[in-house]
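Trainee: entry_20.txt is the file, holding compact mmCIF, C-alpha atoms:
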# COMPACT_ATOMS: atom_id res chain seq x y z
CA MET X 899 21.18 -23.24 -2.98
CA ASN X 900 17.67 -22.56 -1.70
CA PRO X 901 15.15 -23.83 -4.31
CA ILE X 902 12.84 -20.84 -3.74
CA PHE X 903 15.74 -18.45 -4.27
CA ASP X 904 16.73 -20.34 -7.41
CA PHE X 905 13.17 -20.17 -8.72
CA PHE X 906 13.01 -16.39 -8.44
CA PHE X 907 16.62 -15.37 -9.03
CA GLY X 908 18.42 -18.34 -10.58
CA GLN X 909 18.28 -16.77 -14.04
CA TYR X 910 20.68 -14.04 -12.87
CA GLY X 911 23.50 -16.56 -12.60
CA ASP X 912 24.54 -15.88 -16.20
CA TYR X 913 24.22 -12.09 -16.01
CA GLU X 914 27.03 -9.62 -15.59
CA THR X 915 27.12 -8.08 -12.11
CA MET X 916 26.96 -4.56 -13.52
CA ASP X 917 23.79 -5.39 -15.46
CA ILE X 918 22.13 -6.69 -12.30
CA VAL X 919 23.12 -3.53 -10.41
CA LEU X 920 21.83 -1.35 -13.25
CA GLU X 921 18.50 -3.19 -13.31
CA ILE X 922 18.09 -2.67 -9.56
CA VAL X 923 18.94 1.04 -9.87
CA ALA X 924 16.45 1.38 -12.75
CA VAL X 925 13.78 -0.37 -10.68
CA ILE X 926 14.37 1.97 -7.72
CA PHE X 927 14.04 5.07 -9.88
CA GLY X 928 11.03 3.51 -11.60
CA PHE X 929 9.33 3.13 -8.22
CA LEU X 930 10.19 6.73 -7.35
CA SER X 931 8.75 7.92 -10.65
CA VAL X 932 5.42 6.13 -10.19
CA TRP X 933 5.24 7.29 -6.57
CA PHE X 934 5.79 10.91 -7.63
CA SER X 935 3.11 10.45 -10.28
CA LYS X 936 0.68 9.25 -7.62
CA GLN X 937 1.54 12.35 -5.60
CA ASN X 938 0.91 14.50 -8.70
CA ASN X 939 4.51 15.70 -8.41
CA VAL X 940 6.52 16.82 -11.44
CA PHE X 941 9.52 14.79 -10.19
CA VAL X 942 7.77 11.86 -11.87
CA PHE X 943 9.62 12.88 -15.03
CA PRO X 944 13.30 13.29 -14.05
CA THR X 945 13.22 10.10 -11.96
CA GLY X 946 11.43 8.28 -14.76
CA MET X 947 13.99 9.47 -17.31
CA ILE X 948 16.84 7.98 -15.26
CA SER X 949 15.01 4.66 -15.03
CA THR X 950 14.09 4.52 -18.71
CA ILE X 951 17.52 5.43 -20.07
CA ILE X 952 19.03 2.57 -18.04
CA PHE X 953 16.38 0.16 -19.25
CA VAL X 954 16.90 1.24 -22.87
CA TYR X 955 20.56 0.25 -22.56
CA LEU X 956 19.84 -3.05 -20.81
CA LEU X 957 16.95 -4.12 -23.02
CA LEU X 958 18.87 -3.29 -26.19
CA LYS X 959 21.76 -5.38 -24.85
CA TRP X 960 19.39 -8.25 -24.05
CA GLY X 961 17.70 -8.05 -27.46
CA LEU X 962 14.22 -7.18 -26.13
CA LEU X 963 13.19 -4.69 -28.80
CA GLY X 964 9.56 -4.24 -27.74
CA ASP X 965 10.50 -3.42 -24.15
CA MET X 966 13.31 -1.18 -25.34
CA MET X 967 10.92 0.80 -27.56
CA ILE X 968 8.54 1.27 -24.65
CA ASN X 969 11.30 2.78 -22.53
CA ALA X 970 12.67 4.93 -25.35
CA TYR X 971 9.15 6.27 -25.86
CA TYR X 972 8.80 6.86 -22.10
CA PHE X 973 11.94 8.98 -22.18
CA ILE X 974 10.66 11.12 -25.05
CA MET X 975 7.21 11.51 -23.49
CA SER X 976 8.81 12.40 -20.14
CA VAL X 977 10.40 15.43 -21.78
CA TYR X 978 7.01 16.38 -23.25
CA GLY X 979 5.17 15.67 -19.98
CA TRP X 980 7.65 17.72 -17.98
CA TYR X 981 6.82 20.67 -20.21
CA ILE X 982 3.04 20.11 -20.00
CA TRP X 983 2.99 19.70 -16.23
CA THR X 984 4.95 22.89 -15.63
CA ARG X 985 3.25 24.99 -18.31
CA LYS X 986 1.21 27.86 -16.89
CA VAL X 987 -2.43 27.91 -18.05
CA ASP X 988 -2.78 31.35 -16.50
CA SER X 989 -0.65 33.66 -14.37
CA THR X 990 -0.67 31.35 -11.32
CA HIS X 991 -1.84 27.85 -12.29
CA VAL X 992 -0.14 25.00 -14.16
CA THR X 993 -1.89 22.33 -16.22
CA PRO X 994 -4.43 20.62 -13.90
CA ILE X 995 -5.58 17.01 -13.68
CA SER X 996 -8.53 16.48 -16.02
CA ARG X 997 -10.52 13.84 -17.88
CA THR X 998 -9.92 13.00 -21.51
CA SER X 999 -11.97 14.85 -24.08
CA PHE X 1000 -13.67 13.11 -27.00
CA ASN X 1001 -10.85 14.18 -29.30
CA GLU X 1002 -8.20 12.87 -26.87
CA LYS X 1003 -10.01 9.52 -26.76
CA ARG X 1004 -9.81 9.38 -30.56
CA ILE X 1005 -6.10 10.18 -30.40
CA SER X 1006 -5.63 7.45 -27.76
CA ILE X 1007 -7.26 4.89 -30.06
CA ALA X 1008 -5.07 6.08 -32.93
CA ILE X 1009 -1.92 5.77 -30.77
CA PHE X 1010 -2.95 2.24 -29.72
CA PHE X 1011 -3.46 0.89 -33.23
CA SER X 1012 -0.52 2.83 -34.68
CA THR X 1013 1.69 1.27 -32.02
CA LEU X 1014 0.43 -2.22 -32.87
CA LEU X 1015 1.31 -1.60 -36.52
CA PHE X 1016 4.70 -0.08 -35.66
CA VAL X 1017 5.71 -2.97 -33.41
CA TYR X 1018 4.49 -5.48 -36.01
CA VAL X 1019 6.72 -3.90 -38.66
CA VAL X 1020 9.73 -3.75 -36.34
CA TYR X 1021 9.31 -7.34 -35.17
CA ASN X 1022 8.96 -8.51 -38.76
CA SER X 1023 12.10 -6.65 -39.74
CA PHE X 1024 14.13 -8.28 -36.94
CA ASP X 1025 12.39 -11.68 -37.16
CA LYS X 1026 11.14 -11.48 -33.56
CA TRP X 1027 7.89 -13.43 -34.01
CA THR X 1028 9.44 -16.47 -32.35
CA SER X 1029 7.00 -17.13 -29.48
CA TRP X 1030 3.73 -16.07 -27.87
CA VAL X 1031 5.70 -13.53 -25.81
CA ALA X 1032 6.13 -11.33 -28.90
CA TYR X 1033 2.36 -11.06 -29.31
CA VAL X 1034 1.84 -10.10 -25.66
CA ASP X 1035 4.70 -7.59 -25.98
CA THR X 1036 2.87 -5.97 -28.87
CA ILE X 1037 -0.29 -5.51 -26.82
CA THR X 1038 1.49 -4.22 -23.70
CA THR X 1039 3.56 -1.79 -25.78
CA ALA X 1040 0.38 -0.29 -27.23
CA ILE X 1041 -1.25 -0.09 -23.79
CA PHE X 1042 1.76 1.63 -22.25
CA PHE X 1043 2.16 4.04 -25.17
CA VAL X 1044 -1.39 5.29 -24.59
CA GLY X 1045 -0.92 5.38 -20.81
CA MET X 1046 2.26 7.43 -21.05
CA TRP X 1047 0.70 9.92 -23.47
CA LEU X 1048 -2.29 10.40 -21.16
CA MET X 1049 -0.02 10.82 -18.13
CA ALA X 1050 2.00 13.45 -19.98
CA LYS X 1051 -1.30 15.24 -20.67
CA ARG X 1052 -2.22 14.88 -16.97
CA LYS X 1053 -5.35 12.87 -17.75
CA ILE X 1054 -6.77 10.69 -14.96
CA GLU X 1055 -7.51 7.83 -17.36
CA ASN X 1056 -3.76 7.17 -17.70
CA TRP X 1057 -3.94 5.08 -14.51
CA ILE X 1058 -6.39 2.62 -16.07
CA PHE X 1059 -3.92 1.84 -18.84
CA TRP X 1060 -1.05 1.55 -16.36
CA ILE X 1061 -3.02 -0.88 -14.17
CA VAL X 1062 -3.93 -3.14 -17.11
CA GLY X 1063 -0.39 -3.06 -18.54
CA ASP X 1064 1.24 -3.63 -15.14
CA VAL X 1065 -0.93 -6.65 -14.37
CA ILE X 1066 0.08 -8.24 -17.69
CA SER X 1067 3.76 -7.34 -17.20
CA VAL X 1068 4.21 -9.02 -13.80
CA PRO X 1069 4.11 -12.62 -15.08
CA LEU X 1070 5.50 -11.61 -18.47
CA TYR X 1071 8.79 -10.23 -17.11
CA PHE X 1072 9.12 -13.12 -14.69
CA TYR X 1073 8.77 -15.52 -17.62
CA LYS X 1074 11.44 -13.54 -19.49
CA GLY X 1075 13.80 -14.00 -16.54
CA PHE X 1076 13.78 -10.48 -15.05
CA THR X 1077 12.56 -11.02 -11.50
CA PHE X 1078 13.45 -7.55 -10.21
CA THR X 1079 11.57 -5.93 -13.08
CA SER X 1080 8.62 -8.28 -12.51
CA LEU X 1081 8.51 -7.24 -8.85
CA GLN X 1082 8.72 -3.62 -9.98
CA TYR X 1083 5.56 -4.03 -12.04
CA LEU X 1084 3.83 -5.76 -9.13
CA GLY X 1085 4.57 -2.70 -7.02
CA PHE X 1086 3.51 -0.46 -9.90
CA THR X 1087 0.11 -2.17 -9.97
CA PHE X 1088 -0.68 -1.26 -6.37
CA ILE X 1089 0.71 2.26 -6.71
CA ALA X 1090 -1.33 2.77 -9.89
CA ILE X 1091 -4.54 1.76 -8.10
CA PHE X 1092 -3.85 4.24 -5.30
CA GLY X 1093 -2.71 6.78 -7.89
CA TYR X 1094 -6.05 6.61 -9.65
CA LEU X 1095 -7.90 7.07 -6.37
CA ALA X 1096 -5.67 10.02 -5.36
CA TRP X 1097 -6.06 11.75 -8.74
CA LYS X 1098 -9.83 11.16 -8.67
CA LYS X 1099 -10.04 12.79 -5.24
CA ASN X 1100 -7.92 15.72 -6.48
CA LEU X 1101 -10.12 16.10 -9.55
CA ASN X 1102 -13.34 16.01 -7.53
CA ASN X 1103 -11.98 18.60 -5.08
CA ASN X 1104 -11.02 20.89 -7.96
CA LEU X 1105 -14.50 20.55 -9.48
CA GLN X 1106 -16.13 21.39 -6.14
CA THR X 1107 -14.03 24.54 -5.67
CA ALA X 1108 -14.34 25.68 -9.29
Here is a file; write its structure as structure tokens.
Mentor:
Amino acid sequence: MNPIFDFFFGQYGDYETMDIVLEIVAVIFGFLSVWFSKQNNVFVFPTGMISTIIFVYLLLKWGLLGDMMINAYYFIMSVYGWYIWTRKVDSTHVTPISRTSFNEKRISIAIFFSTLLFVYVVYNSFDKWTSWVAYVDTITTAIFFVGMWLMAKRKIENWIFWIVGDVISVPLYFYKGFTFTSLQYLGFTFIAIFGYLAWKKNLNNNLQTA
């Protein structure tokens, strides 16, 4: 077997074929979701919900509680975000892209530290503090929880949290043995950068025409 192939995909030798197929399908819909988000398209939510529900099943099966909680939260926030993005703010306009207010920044900080506490309690309950990975999981979970909430609110700052979390997740998932998911987050990083630039341009255009 090719040593390079083994390095990247050798860990899949012990996986069930259906689980590998499901991970690939989840990755594809995850890419679609982030791409639709970059395009400021409401399809970010239905595609994201398909991806997250698959990952919830897989991650629960693989015993990765932190990652599973992230995806379960994504699913719930996708329902909320779908409502926010399609809600009319007047007779013709839906919720626009905007910057976070002072109060929303305070809520973001509260979500971050509440998530840290929540994950700490869960990991203690299931005795998951077994390696350094658990501590990184705790941080990335908090980062992604804030990012998803801000995206649901259509706040441009959501991309900053996604970029930071994605960069951390690329080597983290590879270390865990999920190469396809690691590659997904690598792609997410680049899309998130372009997403931020696209949303910033949209926001500036809206301010100029207001």
Trainee: Ranking X:Pro1069, X:Asn938, X:Ile995, X:Ser931 by minimum distance to Asn1103 in chain X and counting all atoms listed in the file, which one comes first?
Mentor: X:Ile995
Trainee: With a distance cut-off of 9 Å and only C-alpha atoms, select the neighbouring residues of Met975 in chain X, excluding the residue or stretch itself and same-chain residues fewer than 6 positions from it, and output the selection as a PyMOL selection string.
Mentor: chain X and resi 943+1046-1047+1050
Trainee: What is the CA of Ala1096 in chain X-CA of Lys1051 in chain X distance in Å, reported with one decimal?
Mentor: 16.8 Å
Trainee: At what distance in Å, to one decimal, does CA of Ser1080 in chain X lie from CA of Val932 in chain X?
Mentor: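 Rounded to one decimal, the two atoms are 14.9 Å apart.
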Trainee: From the options X:Ser1029, X:Ile982, X:Ile1041, X:His991, which residue's atoms come nearest to Ile1009 in chain X, counting all atoms listed in the file?
Mentor: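 When distances to Ile1009 in chain X are compared using all atoms listed in the file, the smallest one comes from X:Ile1041.
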Trainee: Counting all atoms listed in the file, find residues at most 9 Å from (9.0, 2.4, -23.4) (file frame) and give them as a list in words.
Mentor: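 Those within range, by chain then number, are Thr950, Phe953, Val954, Gly964, Asp965, Met966, Met967, Ile968, Asn969, Ala970, Tyr971, Tyr972, Phe973, Thr1039, Phe1042, Phe1043 and Met1046 of chain X.
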Trainee: So how many Å separate CA of Val925 in chain X and CA of Phe1078 in chain X, to one decimal?
Mentor: 7.2 Å
Trainee: Which is closer to Ile1037 in chain X than all the others in X:Leu1014, X:Val992, X:Val942, X:Val923, using only C-alpha atoms?
Mentor: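 For Ile1037 in chain X, the nearest of the given residues is X:Leu1014.
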Trainee: In the coordinate frame of the file, compute which residues have an atom within 12 Å of (-6.7, 5.5, -5.7) when using only C-alpha atoms, and state them as a list of chain:residue names.
Mentor: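 Output of the proximity query reads X:Ser935, X:Lys936, X:Gln937, X:Ile1054, X:Glu1055, X:Trp1057, X:Ile1058, X:Ile1061, X:Thr1087, X:Phe1088, X:Ile1089, X:Ala1090, X:Ile1091, X:Phe1092, X:Gly1093, X:Tyr1094, X:Leu1095, X:Ala1096, X:Trp1097, X:Lys1098, X:Lys1099, X:Asn1100, X:Leu1101.
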Trainee: Using all atoms listed in the file, find the one residue out of X:Phe934, X:Tyr955, X:Tyr1021, X:Tyr1071 that sits nearest to Leu920 in chain X.
Mentor: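 So, comparing all the options, the nearest one is X:Tyr955.
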Trainee: With only C-alpha atoms as the basis for distance, which of X:Tyr1073, X:Gly928, X:Ala1008, X:Trp933 is at the shortest distance from Val1034 in chain X?
Mentor: X:Tyr1073
Trainee: Which is closer to Pro944 in chain X than all the others in X:Ala924, X:Val1020, X:Val919, X:Val977, using all atoms listed in the file?
Mentor: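 With all atoms listed in the file as the atom set, the closest residue is X:Val977.
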Trainee: Give the padded box for range 1072-1076 of chain X as AutoDock Vina command-line options: axis-aligned, covering all atoms listed in the file, 3 Å on each side, centre and edge lengths in Å to one decimal.
Mentor:
--center_x 11.3 --center_y -13.0 --center_z -17.1 --size_x 11.0 --size_y 11.0 --size_z 10.8
Trainee: So that I can see what lies close to Trp960 in chain X, please list as JSON, numbers by chain the residues with an atom at most 12 Å from it, counting all atoms listed in the file and leaving out residues fewer than 6 positions away in the same chain.
Mentor: {"X": [913, 914, 917, 921, 953, 954, 966, 1074, 1075, 1076]}
Trainee: With C-alpha atoms retained, could you export that selection as a CSV table (one decimal), in the frame of the given file?
Mentor:
chain,number,residue,atom,x,y,z
X,913,TYR,CA,24.2,-12.1,-16.0
X,914,GLU,CA,27.0,-9.6,-15.6
X,917,ASP,CA,23.8,-5.4,-15.5
X,921,GLU,CA,18.5,-3.2,-13.3
X,953,PHE,CA,16.4,0.2,-19.2
X,954,VAL,CA,16.9,1.2,-22.9
X,966,MET,CA,13.3,-1.2,-25.3
X,1074,LYS,CA,11.4,-13.5,-19.5
X,1075,GLY,CA,13.8,-14.0,-16.5
X,1076,PHE,CA,13.8,-10.5,-15.0
